[in-house]
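What's in work.csv: CSV, C-alpha atoms
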chain,number,residue,atom,x,y,z
A,1,MET,CA,42.0,132.0,74.4
A,2,LYS,CA,41.2,135.1,72.5
A,3,LYS,CA,43.5,138.1,72.9
A,4,VAL,CA,42.5,140.7,75.5
A,5,SER,CA,43.2,144.4,75.3
A,6,LEU,CA,45.5,146.1,77.7
A,7,VAL,CA,43.0,148.8,78.8
A,8,PRO,CA,43.5,148.1,82.5
A,9,LEU,CA,47.0,148.5,84.0
A,10,LEU,CA,49.0,145.2,83.6
A,11,PHE,CA,51.5,144.1,86.1
A,12,SER,CA,54.4,141.9,85.2
A,13,LEU,CA,57.3,140.7,87.3
A,14,ALA,CA,60.2,138.5,86.3
A,15,ILE,CA,61.6,136.9,89.4
A,16,LEU,CA,65.3,136.1,89.3
A,17,PHE,CA,67.0,134.1,92.1
A,18,LEU,CA,70.4,133.0,93.3
A,19,ALA,CA,70.4,129.3,94.3
A,20,PRO,CA,71.6,128.7,97.8
A,21,HIS,CA,75.0,127.0,98.3
A,22,ARG,CA,74.8,123.2,98.4
A,23,ILE,CA,77.5,121.3,100.2
A,24,GLN,CA,76.5,117.8,98.9
A,25,ALA,CA,74.1,118.6,96.2
A,26,ALA,CA,72.8,121.1,93.7
A,27,PRO,CA,69.5,121.8,91.9
A,28,GLY,CA,69.2,119.5,88.9
A,29,ASP,CA,71.1,116.6,90.4
A,30,LEU,CA,69.4,113.2,89.9
A,31,TYR,CA,69.1,110.8,92.8
A,32,VAL,CA,68.6,107.1,92.3
A,33,ALA,CA,67.7,104.6,95.1
A,34,ASP,CA,69.3,101.3,94.3
A,35,THR,CA,67.4,98.6,96.2
A,36,ASP,CA,69.8,95.9,95.4
A,37,THR,CA,73.0,97.5,96.8
A,38,ASN,CA,71.2,99.7,99.5
A,39,VAL,CA,72.9,102.8,98.1
A,40,ILE,CA,71.6,106.2,96.9
A,41,PHE,CA,73.5,107.4,94.0
A,42,LYS,CA,73.7,111.0,92.8
A,43,PHE,CA,74.2,112.0,89.2
A,44,THR,CA,75.0,115.5,88.1
A,45,PRO,CA,73.2,116.8,85.0
A,46,ASP,CA,76.2,115.8,82.8
A,47,GLY,CA,76.0,112.2,84.1
A,48,LYS,CA,78.8,112.2,86.7
A,49,LYS,CA,78.0,109.5,89.3
A,50,THR,CA,78.8,109.5,93.0
A,51,THR,CA,77.6,107.7,96.1
A,52,PHE,CA,75.4,109.9,98.2
A,53,ALA,CA,74.5,107.5,101.0
A,54,SER,CA,74.9,103.8,102.0
A,55,LEU,CA,72.0,102.5,104.1
A,56,GLN,CA,71.1,99.5,106.2
A,57,PHE,CA,67.9,98.9,104.3
A,58,SER,CA,66.8,98.9,100.6
A,59,PRO,CA,65.8,102.4,99.7
A,60,TYR,CA,62.8,103.0,97.4
A,61,GLY,CA,60.9,106.2,97.7
A,62,LEU,CA,62.6,109.6,97.4
A,63,ALA,CA,61.2,113.1,97.8
A,64,PHE,CA,62.7,116.6,98.2
A,65,SER,CA,61.3,119.1,100.6
A,66,SER,CA,60.9,122.7,99.6
A,67,GLY,CA,64.0,123.5,101.7
A,68,GLY,CA,66.2,121.0,99.8
A,69,ASP,CA,66.2,118.0,102.3
A,70,LEU,CA,66.0,114.5,100.8
A,71,LEU,CA,63.5,112.2,102.4
A,72,VAL,CA,64.0,108.4,101.9
A,73,GLY,CA,61.8,105.4,102.6
A,74,GLY,CA,62.3,101.8,101.7
A,75,PHE,CA,61.6,98.0,101.8
A,76,GLY,CA,61.0,96.7,105.3
A,77,SER,CA,62.1,99.8,107.0
A,78,PRO,CA,60.1,101.3,109.8
A,79,ASN,CA,61.7,104.7,109.3
A,80,ILE,CA,61.8,107.6,106.9
A,81,LEU,CA,65.2,109.3,106.9
A,82,ASP,CA,65.8,113.0,106.4
A,83,PHE,CA,69.1,114.0,104.7
A,84,ASN,CA,69.8,117.7,105.1
A,85,ARG,CA,71.7,119.7,102.4
A,86,ALA,CA,75.0,118.8,104.1
A,87,GLY,CA,74.2,115.1,103.6
A,88,GLN,CA,73.6,114.4,107.3
A,89,ALA,CA,70.9,111.9,108.1
A,90,SER,CA,68.3,112.0,110.9
A,91,THR,CA,65.0,110.0,111.5
A,92,PHE,CA,62.0,112.0,110.3
A,93,ALA,CA,59.4,109.3,111.1
A,94,ASP,CA,59.2,105.8,112.4
A,95,ASP,CA,56.6,103.1,113.3
A,96,LEU,CA,56.0,102.3,109.6
A,97,GLN,CA,56.4,99.1,107.6
A,98,SER,CA,57.5,99.8,104.1
A,99,PRO,CA,57.2,103.5,103.1
A,100,TYR,CA,57.6,103.2,99.3
A,101,GLY,CA,56.1,106.4,97.8
A,102,LEU,CA,56.9,109.8,99.1
A,103,ALA,CA,55.6,113.3,98.1
A,104,PHE,CA,55.3,116.7,99.6
A,105,ASP,CA,52.3,119.0,99.2
A,106,GLY,CA,52.6,122.8,98.8
A,107,ALA,CA,52.2,123.3,102.6
A,108,GLY,CA,55.3,121.2,103.4
A,109,ASN,CA,53.3,118.1,104.6
A,110,LEU,CA,54.9,114.7,103.6
A,111,PHE,CA,52.7,112.0,102.3
A,112,ALA,CA,54.0,108.4,102.6
A,113,ALA,CA,52.5,105.4,100.9
A,114,ASP,CA,53.2,102.5,103.3
A,115,ALA,CA,52.9,99.4,101.2
A,116,GLY,CA,53.4,97.3,104.3
A,117,ASN,CA,49.9,98.1,105.7
A,118,GLY,CA,48.1,99.6,102.6
A,119,SER,CA,47.9,103.1,104.0
A,120,ILE,CA,49.0,106.6,103.0
A,121,PHE,CA,50.1,108.6,106.0
A,122,LYS,CA,50.4,112.4,106.2
A,123,PHE,CA,53.2,114.0,108.3
A,124,THR,CA,53.1,117.7,109.2
A,125,PRO,CA,56.5,119.5,108.9
A,126,SER,CA,56.9,118.9,112.7
A,127,GLY,CA,56.4,115.1,112.1
A,128,THR,CA,52.8,114.7,113.4
A,129,LYS,CA,51.4,111.6,111.8
A,130,THR,CA,47.8,110.9,110.7
A,131,VAL,CA,46.1,108.4,108.3
A,132,PHE,CA,45.2,110.1,105.0
A,133,ALA,CA,43.9,107.0,103.2
A,134,SER,CA,43.8,103.2,103.6
A,135,GLY,CA,43.0,100.0,101.7
A,136,LEU,CA,45.4,100.3,98.7
A,137,ALA,CA,48.7,98.9,97.6
A,138,SER,CA,50.4,102.1,96.6
A,139,TYR,CA,54.0,102.2,95.4
A,140,ALA,CA,54.1,105.8,94.3
A,141,VAL,CA,52.4,109.1,95.0
A,142,ALA,CA,52.5,112.5,93.3
A,143,PHE,CA,50.8,115.9,93.5
A,144,ASP,CA,49.2,117.7,90.6
A,145,PRO,CA,49.5,121.6,90.3
A,146,LEU,CA,46.2,122.1,92.1
A,147,GLY,CA,47.2,120.0,95.2
A,148,ASN,CA,45.4,116.8,94.4
A,149,LEU,CA,47.3,113.6,95.4
A,150,PHE,CA,47.6,110.8,92.9
A,151,ALA,CA,48.4,107.3,94.0
A,152,SER,CA,49.3,104.2,91.9
A,153,ASP,CA,47.7,101.0,93.2
A,154,HIS,CA,50.1,98.4,91.9
A,155,ASP,CA,47.8,95.4,92.6
A,156,ALA,CA,44.5,96.8,91.4
A,157,GLY,CA,46.0,98.4,88.2
A,158,THR,CA,44.4,101.7,89.2
A,159,ILE,CA,45.4,105.3,89.7
A,160,TYR,CA,43.4,107.0,92.5
A,161,LYS,CA,43.0,110.7,92.9
A,162,PHE,CA,42.5,112.3,96.3
A,163,THR,CA,41.4,115.8,97.0
A,164,PRO,CA,43.2,117.8,99.7
A,165,GLU,CA,40.3,116.9,102.0
A,166,GLY,CA,40.9,113.1,101.3
A,167,SER,CA,37.9,112.5,99.0
A,168,ARG,CA,38.9,109.5,96.8
A,169,SER,CA,38.0,108.8,93.2
A,170,THR,CA,39.3,106.6,90.4
A,171,PHE,CA,41.3,108.6,87.9
A,172,ALA,CA,42.3,105.6,85.7
A,173,SER,CA,41.9,101.8,85.8
A,174,GLY,CA,42.8,98.8,83.7
A,175,LEU,CA,46.5,99.5,83.9
A,176,ASN,CA,49.3,96.9,84.1
A,177,THR,CA,51.0,97.1,87.5
A,178,PRO,CA,51.4,100.9,87.7
A,179,VAL,CA,54.4,102.1,89.7
A,180,GLY,CA,56.2,105.4,89.2
A,181,LEU,CA,54.2,108.7,88.7
A,182,ALA,CA,55.3,112.1,87.5
A,183,PHE,CA,53.6,115.3,86.3
A,184,ASP,CA,55.1,117.4,83.5
A,185,ARG,CA,55.0,121.2,83.5
A,186,ALA,CA,51.7,121.1,81.6
A,187,GLY,CA,50.0,119.0,84.2
A,188,ASN,CA,50.0,115.7,82.3
A,189,LEU,CA,50.4,112.6,84.4
A,190,PHE,CA,53.0,110.0,83.3
A,191,VAL,CA,52.7,106.5,84.7
A,192,ALA,CA,55.3,103.7,84.5
A,193,GLU,CA,53.5,100.4,83.9
A,194,GLU,CA,55.9,97.7,85.1
A,195,VAL,CA,54.5,95.0,82.8
A,196,PRO,CA,54.7,94.9,79.8
A,197,GLY,CA,57.0,98.0,80.0
A,198,HIS,CA,54.8,100.9,79.0
A,199,ILE,CA,54.9,104.6,80.0
A,200,SER,CA,51.4,106.0,79.7
A,201,LYS,CA,50.5,109.7,79.5
A,202,PHE,CA,47.2,111.1,80.9
A,203,SER,CA,45.9,114.5,80.1
A,204,PRO,CA,44.5,116.5,83.1
A,205,ALA,CA,41.1,115.4,81.9
A,206,GLY,CA,42.2,111.7,82.1
A,207,VAL,CA,42.6,111.0,78.4
A,208,LYS,CA,45.2,108.2,78.0
A,209,SER,CA,47.9,107.8,75.4
A,210,PHE,CA,51.1,105.8,75.3
A,211,PHE,CA,54.2,107.9,75.7
A,212,THR,CA,56.4,104.9,74.9
A,213,THR,CA,56.1,101.1,74.7
A,214,GLU,CA,59.8,100.3,74.1
A,215,PHE,CA,60.9,99.0,77.5
A,216,ALA,CA,62.1,95.4,77.4
A,217,TYR,CA,62.7,95.7,81.2
A,218,ASN,CA,60.3,97.0,83.7
A,219,PRO,CA,60.3,100.8,84.1
A,220,PHE,CA,59.9,102.0,87.7
A,221,GLY,CA,60.8,105.6,88.6
A,222,LEU,CA,59.9,108.7,86.7
A,223,ALA,CA,61.1,112.3,87.1
A,224,PHE,CA,61.2,115.5,85.1
A,225,ASP,CA,64.1,118.0,85.0
A,226,ASP,CA,63.8,121.7,84.6
A,227,SER,CA,64.1,121.4,80.8
A,228,GLY,CA,61.2,119.1,80.5
A,229,ASN,CA,63.3,115.9,80.0
A,230,LEU,CA,61.8,112.7,81.4
A,231,PHE,CA,64.1,110.4,83.3
A,232,VAL,CA,63.2,106.7,83.7
A,233,SER,CA,64.8,104.0,85.9
A,234,ASP,CA,64.3,100.4,84.9
A,235,ALA,CA,65.1,96.9,86.1
A,236,ASN,CA,67.9,96.6,83.6
A,237,GLY,CA,70.0,98.9,85.7
A,238,MET,CA,69.6,101.8,83.3
A,239,ILE,CA,68.4,105.4,83.5
A,240,SER,CA,66.9,106.6,80.2
A,241,LYS,CA,66.4,110.2,79.3
A,242,TYR,CA,63.6,111.4,77.0
A,243,THR,CA,63.6,114.8,75.5
A,244,PRO,CA,60.4,116.8,75.4
A,245,GLU,CA,60.0,115.5,71.8
A,246,GLY,CA,60.2,111.9,72.9
A,247,VAL,CA,63.8,111.1,71.8
A,248,ARG,CA,65.4,108.5,74.0
A,249,ASN,CA,69.0,108.5,75.2
A,250,THR,CA,70.8,106.4,77.8
A,251,PHE,CA,71.7,108.7,80.7
A,252,ALA,CA,73.3,106.1,82.9
A,253,ALA,CA,73.9,102.3,82.8
A,254,GLY,CA,75.6,99.7,84.9
A,255,LEU,CA,73.3,100.0,88.0
A,256,SER,CA,72.0,96.9,89.7
A,257,GLN,CA,69.8,94.8,87.4
A,258,GLN,CA,67.5,94.1,90.3
A,259,MET,CA,67.0,97.8,90.9
A,260,ALA,CA,63.4,98.6,91.4
A,261,SER,CA,63.1,102.0,92.9
A,262,MET,CA,62.2,105.6,92.4
A,263,ILE,CA,64.3,108.6,91.3
A,264,ALA,CA,64.1,112.3,92.2
A,265,ILE,CA,65.6,115.5,90.9
A,266,GLU,CA,66.6,118.2,93.4
A,267,PRO,CA,64.6,121.3,92.7
A,268,ALA,CA,65.7,124.9,93.3
A,269,THR,CA,64.1,126.5,96.4
A,270,ASP,CA,63.2,129.7,94.5
A,271,LYS,CA,59.9,131.3,95.4
A,272,LEU,CA,57.6,134.0,94.1
A,273,ARG,CA,57.3,137.3,95.8
A,274,ASN,CA,53.9,139.0,96.4
A,275,ILE,CA,52.7,141.2,93.6
A,276,SER,CA,49.3,142.9,93.0
A,277,THR,CA,47.5,145.6,91.0
A,278,ARG,CA,44.0,147.2,90.9
A,279,GLY,CA,42.0,148.2,87.9
A,280,PHE,CA,38.5,148.7,86.5
A,281,VAL,CA,37.1,145.5,85.1
A,282,GLN,CA,35.0,146.2,82.0
A,283,THR,CA,33.3,143.8,79.6
A,284,GLY,CA,34.5,141.9,76.5
A,285,ASP,CA,38.2,142.2,76.1
A,286,SER,CA,38.6,145.0,78.6
A,287,VAL,CA,39.4,142.8,81.6
A,288,LEU,CA,41.9,143.0,84.4
A,289,ILE,CA,45.1,141.1,83.6
A,290,GLY,CA,47.9,140.1,86.0
A,291,GLY,CA,51.0,138.8,84.2
A,292,PHE,CA,53.8,137.1,86.2
A,293,ILE,CA,56.8,135.0,85.5
A,294,VAL,CA,58.1,132.4,87.9
A,295,GLY,CA,61.9,131.9,87.7
A,296,GLY,CA,64.2,129.1,88.9
A,297,SER,CA,63.6,125.4,88.6
A,298,ALA,CA,60.9,124.2,86.2
A,299,LEU,CA,59.7,121.6,88.7
A,300,PHE,CA,56.5,122.1,90.6
A,301,ASN,CA,57.9,123.9,93.6
A,302,ASN,CA,56.5,127.4,93.5
A,303,VAL,CA,53.4,127.4,95.7
A,304,VAL,CA,51.2,130.4,95.0
A,305,LEU,CA,47.8,131.8,95.9
A,306,ILE,CA,46.1,134.0,93.4
A,307,ARG,CA,43.2,136.2,94.6
A,308,ALA,CA,40.6,138.3,92.8
A,309,ILE,CA,39.2,140.8,95.3
A,310,GLY,CA,36.0,142.9,94.7
A,311,PRO,CA,33.3,143.3,97.3
A,312,SER,CA,35.6,143.8,100.2
A,313,LEU,CA,37.3,146.8,98.5
A,314,ALA,CA,34.3,148.8,99.7
A,315,THR,CA,35.7,148.6,103.3
A,316,VAL,CA,38.8,150.5,102.2
A,317,ASN,CA,36.7,153.2,100.4
A,318,VAL,CA,37.3,152.0,96.9
A,319,SER,CA,34.4,153.2,94.8
A,320,THR,CA,32.3,150.9,92.5
A,321,PRO,CA,33.8,147.6,93.6
A,322,LEU,CA,33.3,144.5,91.4
A,323,GLN,CA,30.6,142.6,93.2
A,324,ASP,CA,31.3,139.1,91.9
A,325,PRO,CA,34.7,138.5,90.3
A,326,ILE,CA,35.7,135.4,88.3
A,327,LEU,CA,39.4,134.4,88.3
A,328,GLU,CA,41.2,132.5,85.6
A,329,LEU,CA,44.8,131.3,85.5
A,330,HIS,CA,46.4,130.7,82.1
A,331,ASP,CA,49.9,129.3,81.2
A,332,ALA,CA,52.2,130.7,78.6
A,333,THR,CA,50.3,129.0,75.8
A,334,GLY,CA,47.0,130.6,76.8
A,335,ALA,CA,45.6,127.3,78.1
A,336,VAL,CA,43.4,127.6,81.2
A,337,ILE,CA,45.1,125.9,84.2
A,338,ALA,CA,42.3,126.7,86.7
A,339,THR,CA,39.3,128.9,87.2
A,340,ASN,CA,37.3,129.9,90.2
A,341,ASP,CA,34.2,132.0,91.0
A,342,ASP,CA,33.5,131.8,94.7
A,343,TRP,CA,36.6,130.8,96.6
A,344,GLN,CA,34.9,128.5,99.1
A,345,ASP,CA,33.6,126.2,96.4
A,346,ILE,CA,36.6,124.1,95.4
A,347,GLN,CA,39.8,124.6,97.4
A,348,LYS,CA,38.5,126.0,100.7
A,349,SER,CA,40.7,124.0,103.1
A,350,GLN,CA,43.9,124.8,101.1
A,351,ILE,CA,43.1,128.5,100.7
A,352,THR,CA,42.1,128.8,104.4
A,353,ALA,CA,45.3,127.1,105.5
A,354,THR,CA,47.4,129.8,103.8
A,355,GLY,CA,46.0,132.5,106.1
A,356,LEU,CA,45.2,134.5,103.0
A,357,ALA,CA,41.6,133.6,102.3
A,358,PRO,CA,39.4,136.4,100.9
A,359,THR,CA,37.0,138.0,103.4
A,360,ASP,CA,34.0,137.9,101.1
A,361,PRO,CA,32.6,134.5,99.9
A,362,LYS,CA,31.9,136.0,96.4
A,363,GLU,CA,35.6,136.8,95.9
A,364,SER,CA,37.8,134.3,94.1
A,365,ALA,CA,41.1,132.5,94.8
A,366,ILE,CA,43.2,129.7,93.2
A,367,TYR,CA,45.8,127.7,95.0
A,368,ALA,CA,48.4,126.2,92.7
A,369,VAL,CA,51.9,124.7,92.6
A,370,LEU,CA,53.7,126.0,89.5
A,371,PRO,CA,56.9,125.3,87.6
A,372,THR,CA,59.0,128.0,85.9
A,373,GLY,CA,57.1,129.9,83.2
A,374,ALA,CA,54.9,132.8,82.3
A,375,TYR,CA,51.4,133.0,83.7
A,376,THR,CA,48.4,135.3,83.3
A,377,ALA,CA,45.6,135.9,85.9
A,378,ILE,CA,42.5,137.3,84.4
A,379,VAL,CA,39.6,138.8,86.3
A,380,ARG,CA,36.1,139.2,84.8
A,381,GLY,CA,32.7,140.0,86.3
A,382,VAL,CA,29.9,137.5,86.6
A,383,SER,CA,27.3,138.1,83.9
A,384,GLU,CA,29.5,140.8,82.4
A,385,THR,CA,29.3,143.1,85.4
A,386,THR,CA,31.9,145.8,85.9
A,387,GLY,CA,33.7,147.5,88.7
A,388,ASN,CA,37.0,147.9,90.5
A,389,ALA,CA,38.9,144.8,91.4
A,390,LEU,CA,42.3,143.8,92.8
A,391,VAL,CA,44.3,140.8,91.5
A,392,GLU,CA,47.1,139.5,93.7
A,393,VAL,CA,49.7,136.7,93.7
A,394,TYR,CA,51.2,135.5,97.0
A,395,VAL,CA,53.8,133.0,97.9
A,396,THR,CA,52.3,130.7,100.6
A,397,GLU,CA,55.4,129.3,102.3

As structure tokens - that is how I would like this structure written.
Amino acid sequence: MKKVSLVPLLFSLAILFLAPHRIQAAPGDLYVADTDTNVIFKFTPDGKKTTFASLQFSPYGLAFSSGGDLLVGGFGSPNILDFNRAGQASTFADDLQSPYGLAFDGAGNLFAADAGNGSIFKFTPSGTKTVFASGLASYAVAFDPLGNLFASDHDAGTIYKFTPEGSRSTFASGLNTPVGLAFDRAGNLFVAEEVPGHISKFSPAGVKSFFTTEFAYNPFGLAFDDSGNLFVSDANGMISKYTPEGVRNTFAAGLSQQMASMIAIEPATDKLRNISTRGFVQTGDSVLIGGFIVGGSALFNNVVLIRAIGPSLATVNVSTPLQDPILELHDATGAVIATNDDWQDIQKSQITATGLAPTDPKESAIYAVLPTGAYTAIVRGVSETTGNALVEVYVTE
């Protein structure tokens, strides 16, 4: 991305937070579901191991809600358990068969891949259950920064991508028994291929490369911490830790050698506050820029809506409003994460659900789930048009 001048007023906000008190857990703790011993273990970032919970079934899928609750599903269990921050368990959902993969979207809905009947179920925060997808043997699910759901089909060797509306497409095929999924902070998808022990990396565009092929025992669960380290559970009872440069270390050993389950890292519950600014959008480099910094955990747990408002400014007596804005979202490297012209074209259902949809169809909006980092929202005019515009960033939860 070429540099832009700072002619319009910039806004920039660094958001600092105090993490809430945890009785049983803290942001950055790693949770491991040991299917052989029916135990969920907790590891502090320095590797100290404790037993978090002993269960009556084999735990498999783990996912944290935005409020810090740990949701657990497993082999042959009809239930999904909800452990609050004090470690107290309750039943979140029942009438399932084997809810393996669990993941939350930005609106707080839980998606559960039930391998027992080949379906992915969607649960609202209140627990209302609907069928989101069917006809696949999914062991893991994960959301990308734009709210698309990815599911690994273990039997078909395929990764499917689902839009928020449920439209299904094949993201990758020809894999070897894919299980665990995880996105890094740049939006790359990492996939644990159980046999022959590969971890593959896919760019947002779907370009595949091998992150590592060194596993002698089947890798299963994947999770990133807030420093960009990748944690991997395997069937040799080990947890490996890879630095962002790809250097492998043993984080933990001595777990069950029959362990075949997912892992999860507790995120911070920090959230972005609403910020906005207005300026005159010109041509070339003289565009409207909104810079913001998200603090806290580097996991994808900051759900934001970014808007570029133009035509509707006329209703509040702003002169010369920009008639057709285009919005771009860039990360700290300058790479474009997302772009939008007319907000109803791509993420209409997600944007509408926030209650913050623009009032004019020519205005722009981007819904994104972001990790810690610096971001830039840039507003331009279609066909180099000019005018006054407003750029805003909202928390949506």

Determine the nearest neighbour of Asp46 of chain A from the options A:Thr250, A:Glu193, A:Asp153, A:Asp324, counting all atoms listed in the file. A:Thr250

Of the listed residues A:Gly334, A:Pro325, A:Gly254, A:Gly127, that which approaches Gly373 of chain A most closely, counting all atoms listed in the file: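 Ranked by minimum distance to Gly373 of chain A, first place goes to A:Gly334.
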
Shell around Thr177 of chain A at 7 Å using only C-alpha atoms, local window under 2 positions removed, as a ChimeraX atom specification: /A:154-155,157,175,179,193-195

Selection file, C-alpha atoms, as a PDB file, in the coordinates of the input:
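Listed below is the output, result39.pdb:
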ATOM      1  CA  HIS A 154      50.100  98.400  91.900  1.00  0.00           C
ATOM      2  CA  ASP A 155      47.800  95.400  92.600  1.00  0.00           C
ATOM      3  CA  GLY A 157      46.000  98.400  88.200  1.00  0.00           C
ATOM      4  CA  LEU A 175      46.500  99.500  83.900  1.00  0.00           C
ATOM      5  CA  VAL A 179      54.400 102.100  89.700  1.00  0.00           C
ATOM      6  CA  GLU A 193      53.500 100.400  83.900  1.00  0.00           C
ATOM      7  CA  GLU A 194      55.900  97.700  85.100  1.00  0.00           C
ATOM      8  CA  VAL A 195      54.500  95.000  82.800  1.00  0.00           C
TER       9      VAL A 195
END

Excluding Leu313 of chain A and residues on its chain fewer than 3 positions from it, collect all residues at most 12 Å away from it, counting all atoms listed in the file, and give them as a list of chain:residue names. A:Arg278, A:Gly279, A:Ala308, A:Ile309, A:Gly310, A:Val316, A:Asn317, A:Val318, A:Ser319, A:Thr320, A:Pro321, A:Leu322, A:Gln323, A:Asp324, A:Pro325, A:Pro358, A:Thr359, A:Asp360, A:Glu363, A:Gly387, A:Asn388, A:Ala389, A:Leu390, A:Val391

Pairwise distance for atom CA of Thr277 of chain A and atom CA of Trp343 of chain A, rounded to one decimal in Å: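 Interatomic distance, atom CA of Thr277 of chain A to atom CA of Trp343 of chain A: 19.2 Å.
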
For atom CA of Thr35 of chain A and atom CA of Pro59 of chain A, the interatomic separation in Å (one decimal):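 Between these atoms lies a distance of 5.4 Å.
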
At what distance in Å, to one decimal, does atom CA of Thr44 of chain A lie from atom CA of Asp29 of chain A?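 Answer for the atom CA of Asp29 of chain A to atom CA of Thr44 of chain A separation: 4.7 Å.
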
Excluding Ser138 of chain A and its own-chain neighbours fewer than 3 positions away, which residues fall within 8 Å of it when counting all atoms listed in the file? Please give them as a ChimeraX atom specification. /A:100-101,113-115,118-120,141,151-154,179

With only C-alpha atoms as the basis for distance, which of A:Ser126, A:Asn148, A:Thr396, A:Asn84 is at the shortest distance from Thr163 of chain A? A:Asn148

Proximity to Thr170 of chain A - best of A:Asn109, A:Ser209, A:Thr158, A:Asn302, all atoms listed in the file: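 Residue with the minimum atom-to-atom distance to Thr170 of chain A: A:Thr158.
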
Need the shell around Asp234 of chain A: protein/DNA/RNA residues with any atom at most 7 Å away, counting only C-alpha atoms. Skip same-chain ones fewer than 2 positions apart. Format as a PyMOL selection string? chain A and resi 217-220+232+236-239+260

Have a look at A:Ser233, A:Ser65, A:Thr352, A:Ser286 and name the one nearest to Ser261 of chain A; count all atoms listed in the file.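 Ranking A:Ser233, A:Ser65, A:Thr352, A:Ser286 by distance to Ser261 of chain A, first place goes to A:Ser233.
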
Excluding Lys201 of chain A and residues on its chain fewer than 6 positions from it, collect all residues at most 8 Å away from it, counting only C-alpha atoms, and give them as a list of chain:residue names.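 Returned residues: A:Asn188, A:Leu189, A:Phe190, A:Val191, A:Lys208, A:Ser209, A:Phe210, A:Phe211.
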
Pull C-alpha atoms from the residues just selected and write them as an mmCIF file, in the coordinates of the input.
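Result file is selection.cif:
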data_model
loop_
_atom_site.group_PDB
_atom_site.id
_atom_site.type_symbol
_atom_site.label_atom_id
_atom_site.label_comp_id
_atom_site.auth_asym_id
_atom_site.auth_seq_id
_atom_site.Cartn_x
_atom_site.Cartn_y
_atom_site.Cartn_z
ATOM 1 C CA ASN A 188 50.000 115.700 82.300
ATOM 2 C CA LEU A 189 50.400 112.600 84.400
ATOM 3 C CA PHE A 190 53.000 110.000 83.300
ATOM 4 C CA VAL A 191 52.700 106.500 84.700
ATOM 5 C CA LYS A 208 45.200 108.200 78.000
ATOM 6 C CA SER A 209 47.900 107.800 75.400
ATOM 7 C CA PHE A 210 51.100 105.800 75.300
ATOM 8 C CA PHE A 211 54.200 107.900 75.700
#

Minimum-distance residue to Gly61 of chain A, chosen among A:Gly221, A:Gly87, A:Pro125, A:Gly116 (using all atoms listed in the file):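 Among the listed residues, A:Gly221 lies closest to Gly61 of chain A.
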
If I only have part of segment 274-283 of chain A, can you fill in N, CA, C and O atoms and write it as a PDB file, in the frame of the given file?
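Result saved to out_9.pdb:
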ATOM      1  N   ASN A 274      55.279 138.502  96.555  1.00  0.00           N
ATOM      2  CA  ASN A 274      53.900 139.000  96.400  1.00  0.00           C
ATOM      3  C   ASN A 274      53.859 140.189  95.470  1.00  0.00           C
ATOM      4  O   ASN A 274      54.676 141.102  95.529  1.00  0.00           O
ATOM      5  N   ILE A 275      52.893 140.143  94.542  1.00  0.00           N
ATOM      6  CA  ILE A 275      52.700 141.200  93.600  1.00  0.00           C
ATOM      7  C   ILE A 275      51.156 141.445  93.487  1.00  0.00           C
ATOM      8  O   ILE A 275      50.369 140.513  93.682  1.00  0.00           O
ATOM      9  N   SER A 276      50.735 142.665  93.158  1.00  0.00           N
ATOM     10  CA  SER A 276      49.300 142.900  93.000  1.00  0.00           C
ATOM     11  C   SER A 276      49.085 144.209  92.221  1.00  0.00           C
ATOM     12  O   SER A 276      49.992 145.033  92.076  1.00  0.00           O
ATOM     13  N   THR A 277      47.890 144.349  91.690  1.00  0.00           N
ATOM     14  CA  THR A 277      47.500 145.600  91.000  1.00  0.00           C
ATOM     15  C   THR A 277      45.966 145.696  91.051  1.00  0.00           C
ATOM     16  O   THR A 277      45.262 144.694  91.188  1.00  0.00           O
ATOM     17  N   ARG A 278      45.488 146.934  90.920  1.00  0.00           N
ATOM     18  CA  ARG A 278      44.000 147.200  90.900  1.00  0.00           C
ATOM     19  C   ARG A 278      43.670 147.893  89.632  1.00  0.00           C
ATOM     20  O   ARG A 278      44.451 148.677  89.082  1.00  0.00           O
ATOM     21  N   GLY A 279      42.496 147.595  89.136  1.00  0.00           N
ATOM     22  CA  GLY A 279      42.000 148.200  87.900  1.00  0.00           C
ATOM     23  C   GLY A 279      40.526 148.097  87.789  1.00  0.00           C
ATOM     24  O   GLY A 279      39.873 147.392  88.567  1.00  0.00           O
ATOM     25  N   PHE A 280      39.981 148.778  86.779  1.00  0.00           N
ATOM     26  CA  PHE A 280      38.500 148.700  86.500  1.00  0.00           C
ATOM     27  C   PHE A 280      38.224 147.645  85.536  1.00  0.00           C
ATOM     28  O   PHE A 280      38.708 147.680  84.402  1.00  0.00           O
ATOM     29  N   VAL A 281      37.447 146.661  85.949  1.00  0.00           N
ATOM     30  CA  VAL A 281      37.100 145.500  85.100  1.00  0.00           C
ATOM     31  C   VAL A 281      35.874 145.951  84.246  1.00  0.00           C
ATOM     32  O   VAL A 281      34.821 146.339  84.777  1.00  0.00           O
ATOM     33  N   GLN A 282      36.053 145.863  82.936  1.00  0.00           N
ATOM     34  CA  GLN A 282      35.000 146.200  82.000  1.00  0.00           C
ATOM     35  C   GLN A 282      34.454 144.896  81.375  1.00  0.00           C
ATOM     36  O   GLN A 282      34.645 143.804  81.925  1.00  0.00           O
ATOM     37  N   THR A 283      33.825 144.996  80.229  1.00  0.00           N
ATOM     38  CA  THR A 283      33.300 143.800  79.600  1.00  0.00           C
ATOM     39  C   THR A 283      34.081 143.473  78.331  1.00  0.00           C
ATOM     40  O   THR A 283      34.961 144.214  77.910  1.00  0.00           O
TER      41      THR A 283
END
